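So the structure is just underneath, and the comments pick up after that.
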Amino acid sequence: MNKFRLLCFILSLFLVIFAVASISSAQITDPIPEPIKKSELSVGLEEVVQIPNSGTGRNKAARLNLLTYAGDETRRLFVNDMHRF
């Protein structure tokens, strides 16, 4: 039984070495070989909401977890936080 475990260990070791060698040789060294051309496309940002301050001083601010809309055509937004968890 002891020889069987040793044989399994050696075969597993060779399998791991082979897997690591094949993965490292398959990695892409230059994923984008051609230079990316700049375009005239631009993006504008507009502030639509400001989350109120949730903590001052020694009280740590809440960690914002989720921002979602009401879904009832009122354009209301709801923010879920993880304060004191």
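Identifiers for the structure tokens are assigned positionally: chains receive A, B, ... in sequence, residues are indexed from 1 per chain, and ligands are indexed from 1 in the order shown.
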Run DSSP on the backbone of this structure and report the residues of chain A it assigns to strand (DSSP E or B), as a PDB file with all heavy atoms, in the first residue's frame.
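Just written: selection06.pdb:
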```
ATOM      1  N   LEU A  64     -21.938  51.981   0.720  1.00  0.00           N
ATOM      2  CA  LEU A  64     -23.030  51.874  -0.239  1.00  0.00           C
ATOM      3  C   LEU A  64     -22.958  50.522  -0.921  1.00  0.00           C
ATOM      4  O   LEU A  64     -21.905  50.085  -1.363  1.00  0.00           O
ATOM      5  CB  LEU A  64     -22.958  52.996  -1.258  1.00  0.00           C
ATOM      6  CG  LEU A  64     -23.033  54.401  -0.663  1.00  0.00           C
ATOM      7  CD1 LEU A  64     -22.975  55.429  -1.751  1.00  0.00           C
ATOM      8  CD2 LEU A  64     -24.268  54.554   0.174  1.00  0.00           C
ATOM      9  N   ASN A  65     -24.087  49.852  -0.999  1.00  0.00           N
ATOM     10  CA  ASN A  65     -24.130  48.493  -1.494  1.00  0.00           C
ATOM     11  C   ASN A  65     -24.901  48.375  -2.798  1.00  0.00           C
ATOM     12  O   ASN A  65     -24.534  47.603  -3.663  1.00  0.00           O
ATOM     13  CB  ASN A  65     -24.759  47.602  -0.414  1.00  0.00           C
ATOM     14  CG  ASN A  65     -24.654  46.150  -0.703  1.00  0.00           C
ATOM     15  OD1 ASN A  65     -23.829  45.737  -1.487  1.00  0.00           O
ATOM     16  ND2 ASN A  65     -25.494  45.362  -0.083  1.00  0.00           N
ATOM     17  N   LEU A  66     -25.966  49.136  -2.960  1.00  0.00           N
ATOM     18  CA  LEU A  66     -26.840  48.976  -4.115  1.00  0.00           C
ATOM     19  C   LEU A  66     -27.528  50.299  -4.429  1.00  0.00           C
ATOM     20  O   LEU A  66     -27.994  50.998  -3.541  1.00  0.00           O
ATOM     21  CB  LEU A  66     -27.905  47.910  -3.800  1.00  0.00           C
ATOM     22  CG  LEU A  66     -28.969  47.662  -4.856  1.00  0.00           C
ATOM     23  CD1 LEU A  66     -28.358  46.993  -6.069  1.00  0.00           C
ATOM     24  CD2 LEU A  66     -30.074  46.807  -4.280  1.00  0.00           C
ATOM     25  N   LEU A  67     -27.576  50.642  -5.701  1.00  0.00           N
ATOM     26  CA  LEU A  67     -28.334  51.797  -6.185  1.00  0.00           C
ATOM     27  C   LEU A  67     -29.314  51.278  -7.223  1.00  0.00           C
ATOM     28  O   LEU A  67     -28.912  50.647  -8.190  1.00  0.00           O
ATOM     29  CB  LEU A  67     -27.409  52.841  -6.813  1.00  0.00           C
ATOM     30  CG  LEU A  67     -28.080  54.016  -7.500  1.00  0.00           C
ATOM     31  CD1 LEU A  67     -28.767  54.894  -6.486  1.00  0.00           C
ATOM     32  CD2 LEU A  67     -27.079  54.813  -8.296  1.00  0.00           C
ATOM     33  N   THR A  68     -30.601  51.505  -6.995  1.00  0.00           N
ATOM     34  CA  THR A  68     -31.616  51.009  -7.926  1.00  0.00           C
ATOM     35  C   THR A  68     -32.751  52.023  -8.037  1.00  0.00           C
ATOM     36  O   THR A  68     -32.849  52.931  -7.222  1.00  0.00           O
ATOM     37  CB  THR A  68     -32.156  49.636  -7.471  1.00  0.00           C
ATOM     38  OG1 THR A  68     -33.004  49.110  -8.479  1.00  0.00           O
ATOM     39  CG2 THR A  68     -32.906  49.732  -6.165  1.00  0.00           C
ATOM     40  N   TYR A  69     -33.555  51.870  -9.047  1.00  0.00           N
ATOM     41  CA  TYR A  69     -34.681  52.785  -9.252  1.00  0.00           C
ATOM     42  C   TYR A  69     -35.963  52.147  -8.749  1.00  0.00           C
ATOM     43  O   TYR A  69     -36.058  50.936  -8.578  1.00  0.00           O
ATOM     44  CB  TYR A  69     -34.792  53.181 -10.718  1.00  0.00           C
ATOM     45  CG  TYR A  69     -35.174  52.053 -11.640  1.00  0.00           C
ATOM     46  CD1 TYR A  69     -36.475  51.879 -12.054  1.00  0.00           C
ATOM     47  CD2 TYR A  69     -34.211  51.157 -12.096  1.00  0.00           C
ATOM     48  CE1 TYR A  69     -36.826  50.838 -12.884  1.00  0.00           C
ATOM     49  CE2 TYR A  69     -34.555  50.115 -12.927  1.00  0.00           C
ATOM     50  CZ  TYR A  69     -35.856  49.962 -13.324  1.00  0.00           C
ATOM     51  OH  TYR A  69     -36.194  48.935 -14.145  1.00  0.00           O
ATOM     52  N   LEU A  77     -34.810  57.086  -6.963  1.00  0.00           N
ATOM     53  CA  LEU A  77     -33.693  56.164  -6.770  1.00  0.00           C
ATOM     54  C   LEU A  77     -33.611  55.770  -5.304  1.00  0.00           C
ATOM     55  O   LEU A  77     -33.884  56.582  -4.420  1.00  0.00           O
ATOM     56  CB  LEU A  77     -32.374  56.822  -7.200  1.00  0.00           C
ATOM     57  CG  LEU A  77     -32.235  57.144  -8.680  1.00  0.00           C
ATOM     58  CD1 LEU A  77     -30.961  57.938  -8.925  1.00  0.00           C
ATOM     59  CD2 LEU A  77     -32.237  55.878  -9.507  1.00  0.00           C
ATOM     60  N   PHE A  78     -33.218  54.549  -5.056  1.00  0.00           N
ATOM     61  CA  PHE A  78     -33.035  54.052  -3.694  1.00  0.00           C
ATOM     62  C   PHE A  78     -31.613  53.551  -3.535  1.00  0.00           C
ATOM     63  O   PHE A  78     -31.052  52.935  -4.437  1.00  0.00           O
ATOM     64  CB  PHE A  78     -34.020  52.925  -3.388  1.00  0.00           C
ATOM     65  CG  PHE A  78     -35.450  53.369  -3.376  1.00  0.00           C
ATOM     66  CD1 PHE A  78     -36.229  53.257  -4.518  1.00  0.00           C
ATOM     67  CD2 PHE A  78     -36.000  53.906  -2.233  1.00  0.00           C
ATOM     68  CE1 PHE A  78     -37.547  53.659  -4.511  1.00  0.00           C
ATOM     69  CE2 PHE A  78     -37.316  54.320  -2.217  1.00  0.00           C
ATOM     70  CZ  PHE A  78     -38.088  54.199  -3.358  1.00  0.00           C
ATOM     71  N   VAL A  79     -31.030  53.811  -2.368  1.00  0.00           N
ATOM     72  CA  VAL A  79     -29.673  53.372  -2.064  1.00  0.00           C
ATOM     73  C   VAL A  79     -29.721  52.492  -0.828  1.00  0.00           C
ATOM     74  O   VAL A  79     -30.282  52.875   0.200  1.00  0.00           O
ATOM     75  CB  VAL A  79     -28.734  54.572  -1.807  1.00  0.00           C
ATOM     76  CG1 VAL A  79     -27.345  54.099  -1.443  1.00  0.00           C
ATOM     77  CG2 VAL A  79     -28.686  55.463  -3.025  1.00  0.00           C
ATOM     78  N   ASN A  80     -29.120  51.329  -0.931  1.00  0.00           N
ATOM     79  CA  ASN A  80     -28.996  50.418   0.192  1.00  0.00           C
ATOM     80  C   ASN A  80     -27.576  50.532   0.721  1.00  0.00           C
ATOM     81  O   ASN A  80     -26.621  50.547  -0.044  1.00  0.00           O
ATOM     82  CB  ASN A  80     -29.298  48.992  -0.274  1.00  0.00           C
ATOM     83  CG  ASN A  80     -29.271  48.004   0.847  1.00  0.00           C
ATOM     84  OD1 ASN A  80     -29.364  48.373   2.008  1.00  0.00           O
ATOM     85  ND2 ASN A  80     -29.141  46.735   0.513  1.00  0.00           N
ATOM     86  N   ASP A  81     -27.424  50.615   2.031  1.00  0.00           N
ATOM     87  CA  ASP A  81     -26.076  50.691   2.606  1.00  0.00           C
ATOM     88  C   ASP A  81     -25.877  49.582   3.615  1.00  0.00           C
ATOM     89  O   ASP A  81     -26.796  48.854   3.979  1.00  0.00           O
ATOM     90  CB  ASP A  81     -25.793  52.059   3.221  1.00  0.00           C
ATOM     91  CG  ASP A  81     -26.666  52.361   4.419  1.00  0.00           C
ATOM     92  OD1 ASP A  81     -27.284  51.442   4.964  1.00  0.00           O
ATOM     93  OD2 ASP A  81     -26.729  53.525   4.812  1.00  0.00           O
TER      94      ASP A  81
END
```
| DSSP alpha helix (DSSP H) residues within stretch 2-82 of chain A, as an MDAnalysis selection string | chainID A and resid 2:25
